[in-house]
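For reference, final31.cif is printed below; it contains mmCIF, C-alpha atoms and all ligand atoms.
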data_data
loop_
_atom_site.label_atom_id
_atom_site.label_comp_id
_atom_site.auth_asym_id
_atom_site.auth_seq_id
_atom_site.Cartn_x
_atom_site.Cartn_y
_atom_site.Cartn_z
CA MET A 760 -28.74 -64.59 -28.84
CA SER A 761 -26.89 -67.69 -27.66
CA ILE A 762 -24.02 -69.53 -29.31
CA ILE A 763 -25.27 -72.26 -31.66
CA TYR A 764 -21.86 -73.74 -32.58
CA ASP A 765 -18.78 -73.21 -30.48
CA ARG A 766 -16.36 -73.28 -33.40
CA VAL A 767 -17.33 -72.56 -37.02
CA ALA A 768 -14.94 -73.03 -39.97
CA LEU A 769 -15.58 -71.19 -43.23
CA ILE A 770 -13.98 -72.69 -46.33
CA GLY A 771 -14.11 -70.00 -49.01
CA LEU A 772 -14.09 -66.37 -47.88
CA GLY A 773 -16.30 -64.60 -50.40
CA LEU A 774 -19.70 -62.91 -50.38
CA ILE A 775 -21.59 -65.71 -48.65
CA ALA A 776 -18.94 -66.72 -46.09
CA GLY A 777 -18.12 -63.08 -45.31
CA SER A 778 -21.80 -62.26 -44.80
CA MET A 779 -22.23 -65.31 -42.58
CA ALA A 780 -19.26 -64.28 -40.46
CA TRP A 781 -20.51 -60.70 -40.06
CA ALA A 782 -23.99 -61.98 -39.16
CA MET A 783 -22.49 -64.49 -36.69
CA LYS A 784 -20.55 -61.69 -35.02
CA ARG A 785 -23.54 -59.35 -34.98
CA ASN A 786 -25.77 -61.98 -33.35
CA GLY A 787 -23.22 -63.88 -31.21
CA VAL A 788 -23.89 -67.15 -33.01
CA ALA A 789 -20.40 -68.72 -32.82
CA GLY A 790 -17.65 -68.91 -30.19
CA THR A 791 -14.76 -68.79 -32.66
CA ILE A 792 -14.75 -68.40 -36.45
CA SER A 793 -11.85 -69.79 -38.48
CA GLY A 794 -11.50 -69.36 -42.24
CA PHE A 795 -9.59 -70.38 -45.33
CA ALA A 796 -9.61 -69.21 -48.98
CA GLN A 797 -7.43 -70.55 -51.76
CA SER A 798 -5.57 -67.32 -52.55
CA GLN A 799 -3.17 -65.51 -50.29
CA ALA A 800 -4.80 -62.24 -51.42
CA SER A 801 -8.25 -63.25 -50.09
CA ARG A 802 -6.75 -64.50 -46.83
CA ASP A 803 -4.85 -61.21 -46.36
CA VAL A 804 -7.96 -59.12 -47.07
CA THR A 805 -9.94 -61.24 -44.60
CA ARG A 806 -7.26 -60.73 -41.93
CA ASP A 807 -7.49 -56.97 -42.49
CA LEU A 808 -11.29 -56.91 -42.41
CA GLY A 809 -11.40 -59.02 -39.25
CA PHE A 810 -14.55 -61.06 -39.83
CA CYS A 811 -12.71 -64.29 -38.94
CA ASP A 812 -11.01 -64.78 -35.57
CA ILE A 813 -8.40 -67.03 -37.19
CA VAL A 814 -7.43 -67.09 -40.87
CA CYS A 815 -5.55 -70.28 -41.73
CA ASP A 816 -3.19 -71.06 -44.59
CA SER A 817 -4.71 -74.49 -45.18
CA ALA A 818 -8.24 -75.86 -45.18
CA LEU A 819 -7.14 -78.67 -42.85
CA ASP A 820 -5.96 -76.18 -40.23
CA ALA A 821 -9.20 -74.22 -40.56
CA VAL A 822 -11.46 -77.22 -39.88
CA LYS A 823 -9.45 -78.46 -36.85
CA ASP A 824 -11.81 -78.83 -33.84
CA ALA A 825 -14.67 -77.17 -35.75
CA ASP A 826 -18.24 -78.11 -34.79
CA LEU A 827 -19.69 -76.64 -37.98
CA ILE A 828 -17.84 -76.50 -41.30
CA VAL A 829 -19.32 -74.34 -44.07
CA LEU A 830 -18.31 -75.11 -47.66
CA ALA A 831 -18.70 -71.66 -49.26
CA VAL A 832 -16.78 -72.21 -52.50
CA PRO A 833 -18.09 -72.44 -56.10
CA VAL A 834 -20.13 -75.62 -56.63
CA GLY A 835 -17.51 -77.14 -58.94
CA ALA A 836 -14.86 -76.94 -56.17
CA ILE A 837 -16.92 -78.50 -53.36
CA GLY A 838 -15.93 -82.15 -54.00
CA ALA A 839 -12.19 -81.38 -54.02
CA VAL A 840 -12.48 -79.28 -50.84
CA MET A 841 -14.45 -82.04 -49.09
CA LYS A 842 -11.79 -84.58 -50.06
CA ASP A 843 -9.05 -82.28 -48.67
CA ILE A 844 -10.68 -81.68 -45.30
CA ALA A 845 -12.18 -85.14 -44.66
CA LYS A 846 -9.30 -86.47 -42.58
CA GLY A 847 -9.24 -83.39 -40.34
CA LEU A 848 -12.92 -83.37 -39.33
CA LYS A 849 -13.85 -83.82 -35.68
CA PRO A 850 -16.12 -86.83 -34.98
CA GLY A 851 -19.69 -85.59 -34.56
CA ALA A 852 -19.04 -82.39 -36.54
CA THR A 853 -21.56 -81.07 -39.07
CA VAL A 854 -20.62 -79.99 -42.59
CA ILE A 855 -22.97 -77.77 -44.60
CA ASP A 856 -22.58 -76.27 -48.05
CA VAL A 857 -24.19 -73.09 -49.38
CA GLY A 858 -24.04 -74.03 -53.07
CA SER A 859 -26.72 -73.01 -55.55
CA VAL A 860 -27.11 -76.60 -56.83
CA LYS A 861 -27.72 -79.67 -54.70
CA ARG A 862 -27.73 -82.99 -56.64
CA ASP A 863 -24.18 -82.42 -57.85
CA VAL A 864 -23.03 -81.27 -54.41
CA PHE A 865 -24.40 -84.40 -52.70
CA ASN A 866 -22.73 -86.56 -55.36
CA ALA A 867 -19.43 -84.75 -54.79
CA VAL A 868 -19.52 -84.67 -50.96
CA MET A 869 -20.93 -88.02 -49.87
CA PRO A 870 -18.09 -90.30 -51.10
CA HIS A 871 -15.62 -88.34 -48.92
CA LEU A 872 -17.79 -87.83 -45.82
CA PRO A 873 -16.45 -89.75 -42.78
CA SER A 874 -19.11 -92.01 -41.23
CA ASP A 875 -19.04 -90.07 -37.93
CA VAL A 876 -19.57 -86.64 -39.57
CA HIS A 877 -22.94 -85.21 -40.65
CA PHE A 878 -23.78 -83.39 -43.87
CA VAL A 879 -26.76 -81.10 -44.53
CA GLY A 880 -27.26 -79.18 -47.78
CA THR A 881 -28.22 -75.52 -47.38
CA HIS A 882 -28.79 -72.72 -49.88
CA PRO A 883 -29.41 -69.12 -48.84
CA MET A 884 -31.73 -67.45 -51.34
CA ALA A 885 -29.81 -64.23 -51.00
CA GLY A 886 -26.89 -62.75 -52.85
CA THR A 887 -25.58 -59.85 -54.88
CA GLU A 888 -23.54 -59.54 -58.05
CA HIS A 889 -20.45 -58.83 -55.92
CA SER A 890 -17.89 -61.42 -54.88
CA GLY A 891 -14.81 -61.80 -52.71
CA PRO A 892 -14.16 -61.12 -49.02
CA LYS A 893 -14.89 -57.39 -49.25
CA SER A 894 -18.42 -57.97 -50.55
CA GLY A 895 -19.92 -59.56 -47.41
CA PHE A 896 -22.31 -57.71 -45.08
CA ALA A 897 -24.20 -58.75 -41.95
CA GLU A 898 -27.70 -58.04 -43.27
CA LEU A 899 -27.52 -60.24 -46.38
CA PHE A 900 -29.63 -63.05 -44.92
CA ASP A 901 -32.10 -60.97 -42.92
CA ASN A 902 -35.67 -62.07 -43.71
CA ARG A 903 -34.49 -64.14 -46.65
CA TRP A 904 -35.23 -67.82 -47.19
CA CYS A 905 -32.58 -70.45 -46.73
CA LEU A 906 -33.46 -73.79 -48.33
CA ILE A 907 -32.44 -76.79 -46.21
CA VAL A 908 -31.81 -80.09 -47.99
CA PRO A 909 -31.44 -82.74 -45.28
CA ASP A 910 -31.69 -85.86 -47.46
CA LYS A 911 -30.83 -88.65 -44.98
CA ALA A 912 -29.28 -86.48 -42.23
CA ASP A 913 -30.14 -87.00 -38.55
CA PRO A 914 -33.22 -84.81 -37.76
CA GLN A 915 -31.54 -83.42 -34.61
CA VAL A 916 -28.54 -82.29 -36.64
CA VAL A 917 -30.85 -80.74 -39.23
CA ALA A 918 -32.80 -78.92 -36.51
CA ARG A 919 -29.58 -77.36 -35.24
CA VAL A 920 -28.55 -76.29 -38.73
CA GLU A 921 -31.95 -74.61 -39.12
CA GLU A 922 -31.50 -72.93 -35.74
CA TYR A 923 -28.14 -71.63 -36.99
CA TRP A 924 -29.72 -70.10 -40.12
CA HIS A 925 -32.49 -68.56 -38.02
CA ALA A 926 -29.80 -67.01 -35.82
CA LEU A 927 -28.24 -65.45 -38.94
CA GLY A 928 -31.59 -63.79 -39.69
CA SER A 929 -33.04 -66.23 -42.24
CA MET A 930 -36.25 -68.17 -42.54
CA THR A 931 -35.88 -71.83 -43.51
CA ASP A 932 -37.80 -74.39 -45.55
CA GLN A 933 -36.85 -78.01 -46.19
CA MET A 934 -36.66 -79.43 -49.70
CA ASP A 935 -35.83 -82.61 -51.52
CA ILE A 936 -32.58 -82.56 -53.55
CA ASP A 937 -34.02 -82.64 -57.08
CA HIS A 938 -36.96 -80.40 -56.24
CA HIS A 939 -34.44 -77.81 -54.98
CA ASP A 940 -32.54 -77.88 -58.27
CA ARG A 941 -35.75 -77.45 -60.30
CA VAL A 942 -37.08 -74.60 -58.17
CA CYS A 943 -33.75 -72.79 -58.31
CA ALA A 944 -33.55 -73.25 -62.08
CA VAL A 945 -36.84 -71.31 -62.31
CA VAL A 946 -36.28 -68.58 -59.73
CA SER A 947 -32.56 -68.00 -60.13
CA HIS A 948 -30.58 -69.93 -62.74
CA ILE A 949 -32.61 -69.25 -65.89
CA PRO A 950 -33.20 -65.57 -64.99
CA HIS A 951 -29.41 -65.21 -64.77
CA LEU A 952 -28.97 -66.92 -68.14
CA ILE A 953 -31.53 -64.58 -69.70
CA ALA A 954 -29.74 -61.55 -68.24
CA TYR A 955 -26.37 -62.79 -69.53
CA THR A 956 -27.94 -63.31 -72.97
CA MET A 957 -29.67 -59.92 -73.12
CA VAL A 958 -26.52 -58.06 -72.14
CA GLY A 959 -24.53 -60.14 -74.65
CA VAL A 960 -27.03 -59.20 -77.41
CA ALA A 961 -26.80 -55.51 -76.47
CA ASP A 962 -23.02 -55.75 -76.52
CA ASP A 963 -23.12 -57.34 -79.99
CA LEU A 964 -25.36 -54.49 -81.17
CA ARG A 965 -23.16 -51.85 -79.61
CA LYS A 966 -21.47 -51.04 -82.90
CA VAL A 967 -24.85 -50.69 -84.61
CA THR A 968 -26.25 -48.44 -81.88
CA ASP A 969 -23.02 -46.50 -81.38
CA SER A 970 -22.94 -46.96 -77.56
CA GLU A 971 -26.50 -45.67 -77.15
CA VAL A 972 -27.25 -48.87 -75.24
CA ILE A 973 -25.02 -47.66 -72.44
CA LYS A 974 -25.89 -43.98 -72.68
CA TYR A 975 -29.66 -44.38 -72.56
CA SER A 976 -29.83 -47.62 -70.62
CA ALA A 977 -33.24 -47.70 -68.95
CA ALA A 978 -34.09 -49.42 -65.69
CA GLY A 979 -34.96 -52.76 -67.33
CA PHE A 980 -31.64 -53.08 -69.10
CA ARG A 981 -29.71 -51.75 -66.11
CA ASP A 982 -31.24 -54.52 -63.97
CA PHE A 983 -30.07 -57.06 -66.55
CA THR A 984 -26.54 -55.64 -66.51
CA ARG A 985 -26.42 -55.86 -62.71
CA ILE A 986 -27.39 -59.53 -62.77
CA ALA A 987 -25.07 -60.22 -65.72
CA ALA A 988 -22.16 -58.81 -63.69
CA SER A 989 -22.39 -61.83 -61.34
CA ASP A 990 -19.29 -63.94 -60.78
CA PRO A 991 -18.41 -65.94 -63.95
CA THR A 992 -16.89 -68.90 -62.05
CA MET A 993 -19.89 -69.33 -59.80
CA TRP A 994 -22.38 -69.16 -62.66
CA ARG A 995 -20.37 -71.36 -65.01
CA ASP A 996 -20.40 -74.00 -62.26
CA VAL A 997 -24.16 -73.60 -61.69
CA PHE A 998 -24.95 -74.38 -65.35
CA MET A 999 -22.35 -77.16 -65.57
CA THR A 1000 -23.84 -78.88 -62.52
CA ASN A 1001 -27.58 -78.20 -62.89
CA LYS A 1002 -27.81 -79.24 -66.53
CA ASP A 1003 -31.04 -81.25 -66.51
CA ALA A 1004 -33.21 -78.76 -64.62
CA THR A 1005 -31.89 -75.69 -66.46
CA LEU A 1006 -32.33 -77.32 -69.89
CA GLU A 1007 -35.88 -78.36 -69.00
CA ILE A 1008 -36.88 -74.87 -67.82
CA LEU A 1009 -35.05 -73.26 -70.73
CA GLY A 1010 -37.18 -75.40 -73.08
CA ARG A 1011 -40.36 -74.08 -71.47
CA PHE A 1012 -39.04 -70.53 -71.59
CA THR A 1013 -38.29 -70.84 -75.30
CA GLU A 1014 -41.85 -72.09 -75.98
CA GLU A 1015 -43.34 -69.10 -74.16
CA LEU A 1016 -41.02 -66.72 -75.98
CA PHE A 1017 -42.10 -68.15 -79.34
CA ALA A 1018 -45.77 -67.73 -78.32
CA LEU A 1019 -45.16 -64.07 -77.49
CA GLN A 1020 -43.19 -63.63 -80.71
CA ARG A 1021 -46.15 -65.02 -82.67
CA ALA A 1022 -48.60 -62.75 -80.80
CA ILE A 1023 -46.50 -59.72 -81.74
CA ARG A 1024 -46.27 -60.79 -85.39
CA LYS A 1025 -50.04 -61.47 -85.60
CA GLY A 1026 -50.92 -58.27 -83.77
CA ASP A 1027 -52.62 -60.25 -80.99
CA GLY A 1028 -52.71 -57.49 -78.36
CA ASP A 1029 -55.17 -59.42 -76.18
CA HIS A 1030 -52.65 -62.23 -75.75
CA LEU A 1031 -49.92 -59.80 -74.74
CA PHE A 1032 -52.23 -57.89 -72.37
CA ASP A 1033 -53.47 -61.06 -70.64
CA TYR A 1034 -49.92 -62.38 -70.34
CA PHE A 1035 -48.55 -59.16 -68.86
CA THR A 1036 -51.52 -58.95 -66.44
CA ARG A 1037 -50.71 -62.46 -65.19
CA THR A 1038 -47.02 -61.68 -64.71
CA ARG A 1039 -47.81 -58.42 -62.92
CA ALA A 1040 -49.73 -60.44 -60.32
CA VAL A 1041 -46.59 -62.55 -59.68
CA ARG A 1042 -44.65 -59.38 -58.85
CA ARG A 1043 -47.38 -58.28 -56.45
CA GLY A 1044 -47.20 -61.67 -54.73
CA ILE A 1045 -43.45 -61.28 -54.21
CA ILE A 1046 -43.91 -57.85 -52.64
CA GLU A 1047 -46.70 -59.12 -50.39
CA ALA A 1048 -44.45 -61.99 -49.27
CA GLY A 1049 -41.82 -59.43 -48.18
CA GLN A 1050 -39.27 -60.73 -50.71
CA ASP A 1051 -38.96 -57.48 -52.68
CA THR A 1052 -35.24 -56.96 -53.06
CA ASP A 1053 -35.57 -53.17 -53.03
CA ALA A 1054 -37.52 -53.06 -49.80
CA PRO A 1055 -36.03 -51.23 -46.79
CA ASN A 1056 -33.63 -53.27 -44.65
CA PHE A 1057 -32.15 -55.14 -47.53
CA GLY A 1058 -29.72 -52.36 -48.34
CA ARG A 1059 -28.43 -53.84 -51.55
CA SER A 1060 -30.08 -55.55 -54.45
CA LYS A 1061 -30.10 -59.31 -54.46
CA THR A 1062 -29.76 -61.89 -57.20
P1 LIG A 1101 -17.26 -65.70 -53.98
O1 LIG A 1101 -17.56 -64.39 -53.38
O2 LIG A 1101 -16.66 -65.74 -55.36
O3 LIG A 1101 -16.29 -66.49 -52.99
C1 LIG A 1101 -15.84 -67.78 -53.28
C2 LIG A 1101 -14.74 -68.12 -52.31
O4 LIG A 1101 -14.35 -69.46 -52.54
C3 LIG A 1101 -13.48 -67.26 -52.48
O5 LIG A 1101 -13.00 -66.94 -51.21
C4 LIG A 1101 -12.51 -68.22 -53.17
O6 LIG A 1101 -11.17 -67.99 -52.83
C5 LIG A 1101 -12.93 -69.52 -52.55
N1 LIG A 1101 -12.51 -70.69 -53.33
C6 LIG A 1101 -12.75 -70.96 -54.63
N2 LIG A 1101 -12.24 -72.17 -54.93
C7 LIG A 1101 -11.67 -72.65 -53.79
C8 LIG A 1101 -10.98 -73.82 -53.46
N3 LIG A 1101 -10.78 -74.79 -54.36
N4 LIG A 1101 -10.52 -73.97 -52.18
C9 LIG A 1101 -10.73 -73.00 -51.26
N5 LIG A 1101 -11.38 -71.86 -51.53
C10 LIG A 1101 -11.85 -71.70 -52.77
O7 LIG A 1101 -18.53 -66.66 -54.04
P2 LIG A 1101 -19.88 -66.60 -53.19
O8 LIG A 1101 -20.84 -65.70 -53.89
O9 LIG A 1101 -19.57 -66.41 -51.76
O10 LIG A 1101 -20.40 -68.08 -53.47
C11 LIG A 1101 -20.02 -69.17 -52.67
C12 LIG A 1101 -21.06 -70.27 -52.84
O11 LIG A 1101 -22.33 -69.74 -52.47
C13 LIG A 1101 -21.20 -70.82 -54.25
O12 LIG A 1101 -21.29 -72.22 -54.21
C14 LIG A 1101 -22.48 -70.23 -54.75
O13 LIG A 1101 -23.15 -71.10 -55.64
C15 LIG A 1101 -23.27 -70.03 -53.47
N6 LIG A 1101 -24.26 -68.94 -53.49
C16 LIG A 1101 -23.94 -67.73 -54.02
C17 LIG A 1101 -24.89 -66.73 -54.06
C18 LIG A 1101 -24.59 -65.37 -54.70
O14 LIG A 1101 -25.52 -64.66 -55.08
N7 LIG A 1101 -23.35 -64.99 -54.82
C19 LIG A 1101 -26.15 -66.94 -53.47
C20 LIG A 1101 -26.41 -68.16 -52.88
C21 LIG A 1101 -25.46 -69.16 -52.88
P3 LIG A 1101 -10.27 -66.93 -53.62
O15 LIG A 1101 -10.92 -65.61 -53.35
O16 LIG A 1101 -8.97 -67.07 -52.96
O17 LIG A 1101 -10.31 -67.35 -55.04
#

Could you write out this file's structure as structure tokens?
Ligand code: NAP
Amino acid sequence: MSIIYDRVALIGLGLIAGSMAWAMKRNGVAGTISGFAQSQASRDVTRDLGFCDIVCDSALDAVKDADLIVLAVPVGAIGAVMKDIAKGLKPGATVIDVGSVKRDVFNAVMPHLPSDVHFVGTHPMAGTEHSGPKSGFAELFDNRWCLIVPDKADPQVVARVEEYWHALGSMTDQMDIDHHDRVCAVVSHIPHLIAYTMVGVADDLRKVTDSEVIKYSAAGFRDFTRIAASDPTMWRDVFMTNKDATLEILGRFTEELFALQRAIRKGDGDHLFDYFTRTRAVRRGIIEAGQDTDAPNFGRSKT
């Protein structure tokens, strides 16, 4: 594979940035990779692991001469990082983010973006419950979708960003900012909230059930606990910044839950059977689309 960007700077050195770096190295996508994380500990671990060619002690040093700058920090930190690096960006460079929310990210980035620098929103639909520099792995993006949110970006710049994601192993689709936030509320944000809630309920009941929840935890509950182990900072920021879409979808979810609750109380087995038949078909569709997280090649479960 050929080099897509000569110099790539990663700001944030966690699961997503680490996986990008390993995938870039595996596929020869970048000439040089520089990186920066806020803590000395993460920078030291990254130096030891060796997925960046240069680990810098400031974000400004990391972005120097970079052709592509990746903002791979929690969504709530993106605006401050963009403000910090703005004066060090090379004219003509491209900045992308990988945040799970887009309206808030555009609002935070655009006021600081120099007029001769491009910005494209991107969001890999791949992840795990792990975080930090040790959690990254080269296969994370293989055969996974990456949503591209160009907004008003130059189409040639966007095409190159898509080429970059393809080189990391992903498939890409373009989306409008608000549509992205709604879709992600349905497929990712609310499912996480439900998992956090279910595990919280089980924890509250732990005294009543005398730790049987843990001892006999069946696959369904174990899946919830895996999702509910996801990084608290990242997920706090997702709900703080995607308020409208998550509240809207949560409203719909609550309505459906009440309908199921009523069916159970009234003994309406037909309603439950029809509902579960419909949802089973959704699962089959996901498997047929090759997006089953447990399928071979993916190695680890995704969120
Ligand atoms: P992560 O593993 O927790 O890594 C976050 C990194 O950001 C850490 O290196 C952290 O540094 C650094 N950081 C935090 N605040 C910073 C700041 N103000 N300045 C510089 N560095 C800062 O998180 P991640 O899972 O890679 O997530 C990164 C982004 O990807 C988030 O926006 C998230 O929404 C998005 N995303 C995540 C997933 C997922 O499943 N995890 C999937 C798709 C997209 P320290 O280690 O020094 O604190």

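Among the candidates A:Met783, A:Met993, A:Leu872, A:Ala768, the one nearest to ligand LIG 1101 (chain A) when counting all atoms listed in the file is A:Met993.
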
Close residues to ligand LIG 1101 (chain A) using all atoms listed in the file, limit 8 Å, as a ChimeraX atom specification: /A:770-777,795-802,818,830-837,839-840,856-860,882-892,894,989-990,992-994,996-997,1061-1062

Neighbours of point (-27.4, -49.7, -75.3) within 12 Å, using only C-alpha atoms, written as a list in words: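 The requested residues, written out, are Met957, Val958, Gly959, Val960, Ala961, Asp962, Asp963, Leu964, Arg965, Lys966, Val967, Thr968, Asp969, Ser970, Glu971, Val972, Ile973, Lys974, Tyr975, Ser976, Ala977, Ala978, Gly979, Phe980, Arg981, Phe983 and Thr984 of chain A.
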
Write the residues of the selection above to a file with C-alpha atoms, as an mmCIF file, in the coordinates of the input.
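Output file out31.cif is given in full below:
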data_model
loop_
_atom_site.group_PDB
_atom_site.id
_atom_site.type_symbol
_atom_site.label_atom_id
_atom_site.label_comp_id
_atom_site.auth_asym_id
_atom_site.auth_seq_id
_atom_site.Cartn_x
_atom_site.Cartn_y
_atom_site.Cartn_z
ATOM 1 C CA MET A 957 -29.670 -59.920 -73.120
ATOM 2 C CA VAL A 958 -26.520 -58.060 -72.140
ATOM 3 C CA GLY A 959 -24.530 -60.140 -74.650
ATOM 4 C CA VAL A 960 -27.030 -59.200 -77.410
ATOM 5 C CA ALA A 961 -26.800 -55.510 -76.470
ATOM 6 C CA ASP A 962 -23.020 -55.750 -76.520
ATOM 7 C CA ASP A 963 -23.120 -57.340 -79.990
ATOM 8 C CA LEU A 964 -25.360 -54.490 -81.170
ATOM 9 C CA ARG A 965 -23.160 -51.850 -79.610
ATOM 10 C CA LYS A 966 -21.470 -51.040 -82.900
ATOM 11 C CA VAL A 967 -24.850 -50.690 -84.610
ATOM 12 C CA THR A 968 -26.250 -48.440 -81.880
ATOM 13 C CA ASP A 969 -23.020 -46.500 -81.380
ATOM 14 C CA SER A 970 -22.940 -46.960 -77.560
ATOM 15 C CA GLU A 971 -26.500 -45.670 -77.150
ATOM 16 C CA VAL A 972 -27.250 -48.870 -75.240
ATOM 17 C CA ILE A 973 -25.020 -47.660 -72.440
ATOM 18 C CA LYS A 974 -25.890 -43.980 -72.680
ATOM 19 C CA TYR A 975 -29.660 -44.380 -72.560
ATOM 20 C CA SER A 976 -29.830 -47.620 -70.620
ATOM 21 C CA ALA A 977 -33.240 -47.700 -68.950
ATOM 22 C CA ALA A 978 -34.090 -49.420 -65.690
ATOM 23 C CA GLY A 979 -34.960 -52.760 -67.330
ATOM 24 C CA PHE A 980 -31.640 -53.080 -69.100
ATOM 25 C CA ARG A 981 -29.710 -51.750 -66.110
ATOM 26 C CA PHE A 983 -30.070 -57.060 -66.550
ATOM 27 C CA THR A 984 -26.540 -55.640 -66.510
#

Atomic distance CA of Asp875 in chain A - CA of Pro850 in chain A, expressed in Å with one decimal: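 CA of Asp875 in chain A sits 5.3 Å away from CA of Pro850 in chain A.
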
Range 921-925 of chain A surroundings by all atoms listed in the file, 9 Å radius, close-in-sequence under 4 positions cut, as a ChimeraX atom specification: /A:762-764,788,883,900,905,907,916-917,929-932
